[in-house]
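One structure is given here, and the rest of the page talks about it.
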Amino acid sequence: MQPGEPVQAAPAPAPADIAAARERHGSGARRVVVTGVGAVSGFGWGVEALWQGLRAGATAIRPFTRFDAAGHRTRLAAEVPAAHAGRLAGHPGEPATAAAGRRAFSLADRFALAAAGEALAAAGLGEALRGLPECAAGVFFGSSTGGMWESEEFLAGMFAGRRGSLRAVASQQVNGPGDAVARSLGVTGPVQTVSSACASGALAIAAALESLRRGEVEVALAGGSDSLCQLTYAGFNSLRSVDEAPCRPFRAGRAGMSIGEGAAVLVLEPLERALARGAVPLAELAGAGSACDAFHMTAPEPEGAGAAAAIAAALDDAGLAPRAIDFVNAHATGTPLNDAAEWRALLAVFGERSRRLPVTATKAAVGHLLGCSGAIEALVTVLSLARGELHPVPAMPADADPIDDACPAALVTGRPLALPAARAALSTSLAFGGSNAALVFTRWTGASP
Amino acid sequence: MVVTALGTAGAHGCGRASLERALAAGAPPPAIEVDRGAGYHRPGGARRALLTPVAALAPWLPAAEARRMGPPSRLAVAAARMALGEAGIDPAWLAGPGTAVVVSTAFGPCSFSEALLRQVLRDGPEAASPYLFTESVANAPAAQIAIACGARGANVTLCQREAGPLLAMARGAAEVAAGRAERALVGAVDEMSPLLHAVLDRFGALTRGRRGRRGRPEPARGEYGCGGEVGRPFDRRRDGVMAADGATVLLLESAAAAARHGRAPLARVCGWGSAFDPSAPPTGWGGGGEVLGRALRRLLLRCGAAPQASGGPGASDPHGASGAPGAAGAIDRIVSGASGSRAGDRLEARVLRAAWGPAALPPVLAPKGVTGEYGGGFLAAAVLAAAVAGVAAAPTAGFGGPDPGLGISPHDGSPLPPPRALLASSLAAGGAAAWVILGSP
Amino acid sequence: MSDLAEVSNIANAADVADIASRVKRLIVDNLHLEGLRPEMIDEQAPLFGEGLGLDSVDALELVVAVEKEFGIKIKSNEIGRDVFSSVASLARFIAGRV
C-alpha cells in the first residue's frame with residue numbers, strides 16, 4: 001500500500017437485492033439517476049476541490065474571517081475561500097442579461113449558481129436545458145437562511161435609524177438561492193425551496209425524486225445553499241452546540257458541531273432519458289424517506305426512532321433490505337446527543353452489522369452546511385459510489401480521542417476506504433426541530449434497464 | 001383525497017365561522033395601525049395591517065406549552081387545534097407515523113429573528129438567547145405542530161412566498177397519494193412584525209390609499225373608514241396589498257379514510273401543479289403570462305378540467321401524470337390570489353386569460369381583499385369556496401371598477417350555483433406559480 | 001458535590017442568599033413560567049425533570065441571564081446536573097465565581 005492509497009474493504013456479497021429493486025422499479029415508476037454534480041465548500045469552488053480535500057483527510061474547519069469572531073463563543077468555521085472576481089463568468093449559471101447582472105446576488109445565491117453551473121456542465125446539459133420543452137425542468141432547493149448575511153448589515157442600519165439600500169435585503173429570502181438558479185437557467189417548471197433546517201437539502205432531493213417519478217419534470221436540479229451569517233453562528237453557540245475545536249463525530253470527547261457554508265447541486269433525470277442522450281449516470285437515486293421525532297425542539301429523541309423510521313422508509317422506497325447497504329454517510333454533527341441518537345437509529349435498522357458497517361462523517365471535514373448539508377452529503381455519497389471510495393474523517397493522533405463506546409460506528413479514519421464493489425449507500429439527515437430524512441443511492445453498474 | 005378539517009386564525013378572529021362570514025359578505029375585518037414606535041416606517045407609507053388578536057389564541061394554547069413559542073408557532077399550533085376541534089377529531093388519534101406535516105411560510109419567524117439579531121449586535125453574540133434562536137428558524141411552526149399532535153410522519157417546511165400555501169397543500173397531498181402518509185396536516189403561517197411591514201412598504205408592495213398633497217392620506221371615500229388602505233384585487237385603482245398575519249391548517253386524507261371515520265369532507269383535492277416565470281425579479285412579478293398560462297392549461301388538461309370554447313366537459317390528457325386521479329370536470333369557479341398588487345394582479349389576469357384562451361372565464365373570486373396577503377387566509381378561503389355556498393358566490397371586497405387592461409372582473413356577489421370544480425391560483429413574487437384544483441365535496 | 005462545598009463557607013452565606021434571590025428573579029423574568037413568583041421557588045428543589053420541570057433550553061436561557069446579571073462566564077462543560085440541580089447549588093457556584 002502506498003501512503004494516500006485507499007484501504008481495501010472486504011469483497012461485496014451477491015447483488016440479489018439490487019435485482020429485486022430493479023424488478024420493483026420496473027413495475028412502472030421511473031428510475032432516477034444522477035448525471036452531474038456541482039459543489040462549493042470550505043475546500044473551494046468545485047467538486048474536485050471538495051473530493052480531493054475529503055479523501056486527503058484534510059479539514060476545512062479553521063478560524064473564520066467573514067465577520068469579527070470577537071465576542072463569539074467559538075472561532076472556527078468551514079468558510080468558502082474568497083472567490084476570484086468574475087467567478088460566475090463562463091458558467092451556464094451566469095446572469096443572462098445585463099439587468100439580471102445588476103441585481104443583488106447574495107453569497108448564498110453565488111454559491112448556488114456556481115454549483116448549478118458546474119453540475120449542468122458535468123451532466124453535459126448546460127445550454128441544452130434552455131432547449132427543453134416548457135416546464136420540463138424544475139429546481140428543488142434547501143436553505144436555512146438564504147441571503148441573511150447580506151441583510152444583517154441592512155438590518156443593523158434599520159436598528160440604528162439609517163435607511164440602507166434595499167438591494168441588500170432583496171436577496172434575503174430563504175427561497176433566494178433556488179429562485180436565482182431557476183431564473184438564471186430559464187427554468188419554467190416547478191421551483192420550490194424547503195427550509196427544514198438540517199434536513200432541507202435531503203428533503204429537496206426527495207421532492208425532486210417524487211417529481212421525476214411522476215413525470216412532472218424531465219430534469220431536476222436538486223440541492224441547497226447556505227452562507228455563514230452572524231445570526232446562525234451566534235444562535236447555535238447560544239445552545240452551546242458548537243465545539244471550540246473542529247468537530248469530532250462519534251468520538252468520546254466530542255463537544256459539538258462545526259458550522260460550514262457552501263452549496264451542492266445534483267442533476268437528476270430519468271434513467272431512460274439519460275441513457276438515450278448518451279449520459280453516463282454517476283449513481284442511481286433509489287429511494288427517499290422522512291419521519292419526524294415530534295419530541296423536542298432542539299434535542300433528538302434519544303433512541304433515534306424518528307431517524308430509524310426515515311431510514312426504513314427510504315429503504316422501503318428503494319425496495320432494498322438493510323443488508324443491501326454497504327456504507328453510510330452519517331449526519332454525524334459531532335454533538336453528544338446527535339451522534340448517540342443516530343447510532344441508536346443505525347443499530348435499530350442494521351442490528352449487529354452496524355458495528356462493521358463503514359461510516360463516514362463529511363461534517364468532520366467541511367462542517368455543517370445547515371440547509372445545504374443533506375445535499376452536499378448526498379453529493380459525496382454519489383461520488384463515493386461512483387469512485388468506489390469512502391473518504392476518511394480528518395486525521396487525529398491515534399490515542400487522542402477514541403470512538404465512543406456508546407456509539408461505536410465503524411468510522412473511516414486514516415486513509416480512504418476502497419469500496420469498488422459497493423452497491424448501495426445511505427445518507428442521513430437528523431434536523432434541528434426533529435425532521436429526519438434519508439436517501440438511498442445505488443451504484444451505476446452500466447446494466448441496461 | 002379530501003379536506004376534512006380546517007382551522008384558521010387571522011384578523012377575522014379564530015375559527016372558520018368568522019372567516020366565512022367575512023368572505024360571504026365581502027367585508028374585511030378592520031385593519032389596524034401597525035406599531036411605528038421603532039422608527040422603521042417611512043413617512044407617508046402604509047400604516048395598517050390585518051393582524052390576529054393574539055389573546056384570542058389562548059383557548060388553544062396552554063401557557064405551559066406556549067411559553068417558549070414565537071408568534072408563528074403559536075398561530076400554527078392554535079390553527080391546527082382549531083381544525084381538529086371543529087372537526088371533532090381527537091388529537092390523540094392523529095399521533096403516530098402516519099401523520100405528515102407540511103407548512104409554508106413566506107417570511108418565517110421575523111420578530112424573533114429581529115430580536116435575536118438586535119441582541120447579537122447590541123449586547124454581543126454571547127447575549128444571544130437560546131429561546132429566540134430555537135424559535136427563529138423557518139421550520140419552528142411545523143416542528144411545534146408535530147410535537148403538539150404527535151405527528152411523526154414527514155415534516156416539511158416550504159418557503160415560496162405567495163405560492164407557498166398551495167405548494168404545501170400539493171406536497172401534503174402527494175405524501176398521502178403516494179401512500180407515504182395516511183393523512184397530512186398542511187398549512188400556511190406568517191407573522192407581520194413592524195419591521196417586516198416597514199420593509200414590505202419600502203419595496204412599494206403595500207396599499208397606501210389615496211394620497212393628497214405632500215403624500216398625506218386622504219380621508220376614505222365611503223369605504224371601510226381606514227384611510228383608504230385597501231387591497232383591491234384586479235381593480236383599476238389598486239395600489240398594493242394589505243399585509244396580514246395568521247395561520248390556516250387543513251387535514252388532508254383519503255376519501256375512504258374520511259368515510260370510514262364518518263368525517264364529512266369540506267372539499268376534494270383533484271389535482272395540483274406548479275411552474276416558474278424566470279423573467280420575474282427576486283421581489284416582484286415578471287412578464288411570463290404566456291408561459292405560465294400554458295403551464296396552467298396543461299395542468300387543466302391533465303386533470304380533465306380544460307376549458308372548452310363550447311362550455312362542454314373538459315378534455316383530458318391520457319398521458320398526464322401530475323395530480324391525484326379523478327377527472328375534475330370543467331372549472332366553474334376560480335379562487336384567484338390576486339391581492340391588489342399592480343404587477344401581480346396584472347400577471348394573474350394574463351395567466352388566467354392565456355390558460356382559458358378564447359373561452360369565457362368562469363366566475364373569479366378574489367378573497368384577498370378580505371384575507372389580506374400572507375398569513376394563510378387565502379388557503380382557507382379557497383377550501384371554503386368549495387364547501388360553503390355563500391363563500392363560493394362572494395362579492396369581491398376592495399373591487400370597485402375593472403382595470404381595462406386586464407380583461408377580468410371578479411365576482412360581484414350575485415347568486416351562483418355551487419361550483420363543481422374550483423381552481424385556486426397563486427403567483428409568488430420571485431416567479432413561482434402554484435395551482436390546486438378542488439372539487440365540491 | 002465536594003467542589004461546591006469547598007467554595008461556599010459560612011462567611012459567604014449572606015452573599016449566597018442574596019445571589020439565590022437574584023437567581024429566582026432571573027428565573028421568573030426570563031423563563032416565562034406563568035404565575036410564578038420568586039417566593040414560590042424552593043431553593044433546594046430540583047430545577048429539571050421534577051420541581052420546576054425545566055429542560056435543556058431553559059437551562060441555557062438561564063445561563064445567558066446569569067452571565068449577564070453577574071458578569072461571569074460559564075463554560076459549556078460546567079452546564080451540568082450538579083451546578084444546575086437547584087437554585088441553591090447554582091447560587092453557590094456563582095458565589096465562587098464573583
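FYI, nothing fancy with the C-alpha cells labels: chains A, B, ... in order, residues from 1 per chain, ligands from 1 as they appear.
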
Restrict the distance test to only C-alpha atoms, flag each residue of chain A within 12 Å of chain C, and return the flagged residues as a short mmCIF file (atom, residue, chain, number, x, y, z; two decimals) with N, CA and C atoms, in the first residue's frame.
data_model
loop_
_atom_site.label_atom_id
_atom_site.label_comp_id
_atom_site.auth_asym_id
_atom_site.auth_seq_id
_atom_site.Cartn_x
_atom_site.Cartn_y
_atom_site.Cartn_z
N GLY A 71 -16.10 38.10 20.62
CA GLY A 71 -17.40 38.10 21.25
C GLY A 71 -18.19 36.83 21.01
N ARG A 73 -18.59 32.71 21.01
CA ARG A 73 -18.06 31.70 21.92
C ARG A 73 -17.03 30.81 21.25
N THR A 74 -17.08 30.72 19.93
CA THR A 74 -16.10 29.88 19.22
C THR A 74 -15.53 30.68 18.04
N GLY A 235 -26.46 31.93 17.16
CA GLY A 235 -27.59 31.12 17.60
C GLY A 235 -27.21 29.73 18.03
N PHE A 236 -26.44 29.02 17.19
CA PHE A 236 -26.02 27.67 17.58
C PHE A 236 -25.11 27.74 18.79
N ASN A 237 -24.31 28.79 18.91
CA ASN A 237 -23.47 28.95 20.08
C ASN A 237 -24.29 29.18 21.34
N SER A 238 -25.44 29.84 21.20
CA SER A 238 -26.27 30.08 22.39
C SER A 238 -26.78 28.76 22.94
N LEU A 239 -26.90 27.76 22.08
CA LEU A 239 -27.31 26.43 22.53
C LEU A 239 -26.12 25.61 22.97
N ARG A 240 -24.93 26.21 22.97
CA ARG A 240 -23.69 25.51 23.35
C ARG A 240 -23.53 24.25 22.50
N SER A 241 -23.93 24.37 21.23
CA SER A 241 -23.86 23.22 20.33
C SER A 241 -22.60 23.20 19.50
N VAL A 242 -21.78 24.25 19.60
CA VAL A 242 -20.64 24.38 18.72
C VAL A 242 -19.35 24.06 19.47
N ASP A 243 -18.56 23.18 18.91
CA ASP A 243 -17.29 22.80 19.54
C ASP A 243 -16.26 23.91 19.31
N GLU A 244 -15.44 24.18 20.32
CA GLU A 244 -14.36 25.16 20.14
C GLU A 244 -13.30 24.62 19.21
N GLY A 253 -14.87 12.25 23.23
CA GLY A 253 -14.72 13.62 23.71
C GLY A 253 -15.42 14.65 22.84
N ARG A 254 -16.30 14.22 21.97
CA ARG A 254 -16.94 15.16 21.07
C ARG A 254 -17.71 16.21 21.88
N ALA A 255 -17.68 17.43 21.39
CA ALA A 255 -18.23 18.52 22.19
C ALA A 255 -19.10 19.45 21.36
N GLY A 256 -19.48 19.05 20.17
CA GLY A 256 -20.38 19.92 19.41
C GLY A 256 -20.06 19.93 17.93
N HIS A 296 -38.83 17.09 20.69
CA HIS A 296 -38.28 18.28 21.33
C HIS A 296 -37.78 19.21 20.24
N MET A 297 -37.75 20.51 20.54
CA MET A 297 -37.38 21.47 19.51
C MET A 297 -35.89 21.45 19.17
N THR A 298 -35.04 21.02 20.10
CA THR A 298 -33.61 21.03 19.79
C THR A 298 -32.95 19.68 19.99
N ALA A 299 -33.41 18.90 20.94
CA ALA A 299 -32.74 17.63 21.22
C ALA A 299 -33.35 16.51 20.40
N PRO A 300 -32.54 15.60 19.85
CA PRO A 300 -33.09 14.46 19.14
C PRO A 300 -33.70 13.47 20.12
N PRO A 336 -22.84 15.66 21.31
CA PRO A 336 -23.03 14.44 22.11
C PRO A 336 -24.38 13.77 21.84
N LEU A 337 -25.44 14.57 21.76
CA LEU A 337 -26.77 13.98 21.62
C LEU A 337 -27.02 13.42 20.23
#

What are the closest atom pairs, with distances in Å to one decimal, for each residue of segment 133-177 of chain B lying within 9 Å of segment 169-179 of chain A, using only C-alpha atoms, rows by chain and rising residue number, as JSON lines?
{"residue": "B:Ala138", "atom": "CA", "partner": "A:Val174", "partner_atom": "CA", "distance": 8.8}
{"residue": "B:Leu158", "atom": "CA", "partner": "A:Asn175", "partner_atom": "CA", "distance": 8.8}
{"residue": "B:Cys159", "atom": "CA", "partner": "A:Asn175", "partner_atom": "CA", "distance": 6.0}
{"residue": "B:Gln160", "atom": "CA", "partner": "A:Asn175", "partner_atom": "CA", "distance": 6.0}
{"residue": "B:Arg161", "atom": "CA", "partner": "A:Asn175", "partner_atom": "CA", "distance": 8.1}

Residues of chain A at most 7 Å from chain B: nearest atom pair and distance in Å, only C-alpha atoms, as CSV:
residue,atom,partner,partner_atom,distance
A:Gly71,CA,B:Pro125,CA,5.7
A:His72,CA,B:Pro125,CA,5.2
A:Arg73,CA,B:Glu126,CA,6.5
A:Cys135,CA,B:Ala275,CA,6.5
A:Met158,CA,B:Tyr40,CA,6.4
A:Gly161,CA,B:Gly39,CA,6.9
A:Ala170,CA,B:Thr283,CA,6.4
A:Ser171,CA,B:Pro282,CA,7.0
A:Val174,CA,B:Cys159,CA,6.7
A:Asn175,CA,B:Cys159,CA,6.0
A:Asp179,CA,B:Gly430,CA,6.8
A:Ala182,CA,B:Pro278,CA,6.6
A:Arg183,CA,B:Pro278,CA,4.3
A:Gly186,CA,B:Pro278,CA,5.3
A:Val187,CA,B:Pro278,CA,6.3
A:Thr188,CA,B:Phe276,CA,4.4
A:Gly189,CA,B:Ala275,CA,4.4
A:Pro190,CA,B:Ala275,CA,4.4
A:Val191,CA,B:Phe276,CA,6.3
A:Gln192,CA,B:Gln160,CA,6.2
A:Thr193,CA,B:Cys159,CA,5.6
A:Val194,CA,B:Leu158,CA,4.5
A:Ser195,CA,B:Thr157,CA,5.3
A:Ser196,CA,B:Asn139,CA,5.1
A:Ala197,CA,B:Asn139,CA,6.7
A:Arg214,CA,B:Ala321,CA,5.8
A:Gly215,CA,B:Ala321,CA,5.9
A:Glu216,CA,B:Ser322,CA,5.9
A:Leu231,CA,B:Leu117,CA,6.0
A:Ala234,CA,B:Pro125,CA,5.3
A:Gly235,CA,B:Phe133,CA,5.3
A:Ser238,CA,B:Pro130,CA,5.3
A:Leu239,CA,B:Pro130,CA,5.7
A:Ser290,CA,B:Ala154,CA,4.9
A:Ala291,CA,B:Ala154,CA,4.3
A:Cys292,CA,B:Arg152,CA,4.5
A:Asp293,CA,B:Arg152,CA,5.9
A:Ala294,CA,B:Ile147,CA,4.3
A:Phe295,CA,B:Ile147,CA,5.9
A:Met297,CA,B:Ala143,CA,6.8
A:Gly433,CA,B:Ala143,CA,5.4
A:Gly434,CA,B:Ala143,CA,6.7
A:Ser435,CA,B:Asn155,CA,5.6

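Residues lying within 6 Å of segment 29-42 of chain C, counting only C-alpha atoms and ignoring same-chain neighbours fewer than 4 positions away, are Arg67 of chain B; Lys24 and Arg25 of chain C.
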
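Distances here use only C-alpha atoms; by that measure, the residue among C:Leu62, C:Val23, C:Leu90, C:Leu47 closest to chain B is C:Leu62.
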
Review point. At what distance in Å, to one decimal, does atom CA of Ala428 of chain B lie from atom CA of Ala366 of chain B?
Key: 15.5 Å

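Minimum atom-to-atom distances from B:Arg232, B:Arg48, B:Arg68, B:Arg81 to Leu54 of chain C were compared using only C-alpha atoms, and the lowest value belongs to B:Arg68.
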
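Counting from atom CA of Gly209 of chain B, the distance to atom CA of Gly398 of chain B is 11.5 Å.
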
Test item: residues at most 8 Å from Leu361 of chain B, only C-alpha atoms, excluding those fewer than 5 positions along its chain, as an mmCIF file with C-alpha atoms, in the first residue's frame:
data_model
loop_
_atom_site.group_PDB
_atom_site.id
_atom_site.type_symbol
_atom_site.label_atom_id
_atom_site.label_comp_id
_atom_site.auth_asym_id
_atom_site.auth_seq_id
_atom_site.Cartn_x
_atom_site.Cartn_y
_atom_site.Cartn_z
ATOM 1 C CA LEU B 352 -55.802 33.085 -16.487
ATOM 2 C CA ARG B 353 -56.668 34.645 -19.841
ATOM 3 C CA TRP B 356 -58.594 29.889 -20.919
#

Exercise for review: Within 8 Å of segment 339-344 of chain A, counting only C-alpha atoms, which residues show up once you throw out same-chain ones fewer than 6 positions away? Write them as a VMD selection string, please.
Suggested key: chain A and resid 249 to 250 300 to 305 307 331 to 333 406 to 409 430

Review point. When DSSP works through the backbone of this structure, what residues of segment 214-426 of chain B end up as strand (DSSP E), shown as a PyMOL selection string?
Key: chain B and resi 246-253+267-276+333-336+364-365+421-426

Selection from above, N, CA and C atoms, as a compact mmCIF listing (two decimals), in the first residue's frame, can you write it?
# COMPACT_ATOMS: atom_id res chain seq x y z
N GLY B 246 -51.38 35.52 10.36
CA GLY B 246 -52.36 34.49 10.65
C GLY B 246 -51.87 33.12 10.26
N ALA B 247 -52.74 32.13 10.43
CA ALA B 247 -52.38 30.76 10.06
C ALA B 247 -53.63 29.99 9.69
N THR B 248 -53.45 29.08 8.77
CA THR B 248 -54.51 28.12 8.41
C THR B 248 -53.89 26.74 8.41
N VAL B 249 -54.60 25.77 8.99
CA VAL B 249 -54.16 24.38 8.93
C VAL B 249 -55.33 23.53 8.45
N LEU B 250 -55.07 22.67 7.49
CA LEU B 250 -56.07 21.74 6.95
C LEU B 250 -55.66 20.32 7.26
N LEU B 251 -56.63 19.43 7.31
CA LEU B 251 -56.33 18.00 7.38
C LEU B 251 -56.69 17.38 6.04
N LEU B 252 -55.73 16.73 5.41
CA LEU B 252 -55.97 16.02 4.16
C LEU B 252 -55.92 14.52 4.43
N GLU B 253 -56.84 13.77 3.86
CA GLU B 253 -56.79 12.31 3.98
C GLU B 253 -57.51 11.70 2.78
N ALA B 267 -63.94 19.58 0.98
CA ALA B 267 -63.60 19.72 -0.45
C ALA B 267 -62.81 18.49 -0.86
N ARG B 268 -62.84 18.21 -2.16
CA ARG B 268 -61.96 17.17 -2.72
C ARG B 268 -60.73 17.85 -3.32
N VAL B 269 -59.61 17.17 -3.23
CA VAL B 269 -58.39 17.68 -3.86
C VAL B 269 -58.18 16.88 -5.14
N CYS B 270 -58.35 17.51 -6.28
CA CYS B 270 -58.38 16.78 -7.55
C CYS B 270 -57.07 16.86 -8.34
N GLY B 271 -56.28 17.86 -8.08
CA GLY B 271 -55.04 17.97 -8.84
C GLY B 271 -54.25 19.16 -8.38
N TRP B 272 -53.00 19.18 -8.79
CA TRP B 272 -52.14 20.29 -8.41
C TRP B 272 -50.98 20.40 -9.38
N GLY B 273 -50.37 21.55 -9.44
CA GLY B 273 -49.21 21.74 -10.31
C GLY B 273 -48.54 23.06 -10.00
N SER B 274 -47.31 23.20 -10.51
CA SER B 274 -46.61 24.46 -10.30
C SER B 274 -45.68 24.75 -11.47
N ALA B 275 -45.26 25.98 -11.58
CA ALA B 275 -44.39 26.42 -12.67
C ALA B 275 -43.62 27.65 -12.20
N PHE B 276 -42.79 28.20 -13.10
CA PHE B 276 -41.92 29.32 -12.72
C PHE B 276 -41.78 30.29 -13.88
N ARG B 333 -65.32 27.67 -11.21
CA ARG B 333 -65.04 28.77 -10.28
C ARG B 333 -63.55 28.91 -10.14
N ILE B 334 -63.11 30.14 -10.10
CA ILE B 334 -61.68 30.39 -9.86
C ILE B 334 -61.54 31.15 -8.55
N VAL B 335 -60.62 30.71 -7.69
CA VAL B 335 -60.27 31.47 -6.50
C VAL B 335 -58.87 32.02 -6.75
N SER B 336 -58.82 33.29 -7.06
CA SER B 336 -57.56 33.88 -7.51
C SER B 336 -56.80 34.51 -6.35
N VAL B 364 -64.79 34.56 -11.16
CA VAL B 364 -63.49 34.66 -10.47
C VAL B 364 -63.71 35.29 -9.09
N LEU B 365 -63.40 34.52 -8.06
CA LEU B 365 -63.41 35.07 -6.71
C LEU B 365 -62.00 35.54 -6.39
N ALA B 421 -66.03 22.26 -9.79
CA ALA B 421 -64.56 22.19 -9.81
C ALA B 421 -64.01 23.60 -9.72
N LEU B 422 -63.10 23.79 -8.81
CA LEU B 422 -62.62 25.12 -8.48
C LEU B 422 -61.10 25.14 -8.64
N LEU B 423 -60.61 26.19 -9.29
CA LEU B 423 -59.16 26.35 -9.43
C LEU B 423 -58.69 27.41 -8.45
N ALA B 424 -57.76 27.05 -7.57
CA ALA B 424 -57.10 28.04 -6.72
C ALA B 424 -55.77 28.38 -7.36
N SER B 425 -55.50 29.67 -7.48
CA SER B 425 -54.33 30.12 -8.24
C SER B 425 -53.51 31.10 -7.45
N SER B 426 -52.18 30.90 -7.40
CA SER B 426 -51.32 31.84 -6.69
C SER B 426 -50.03 32.05 -7.44
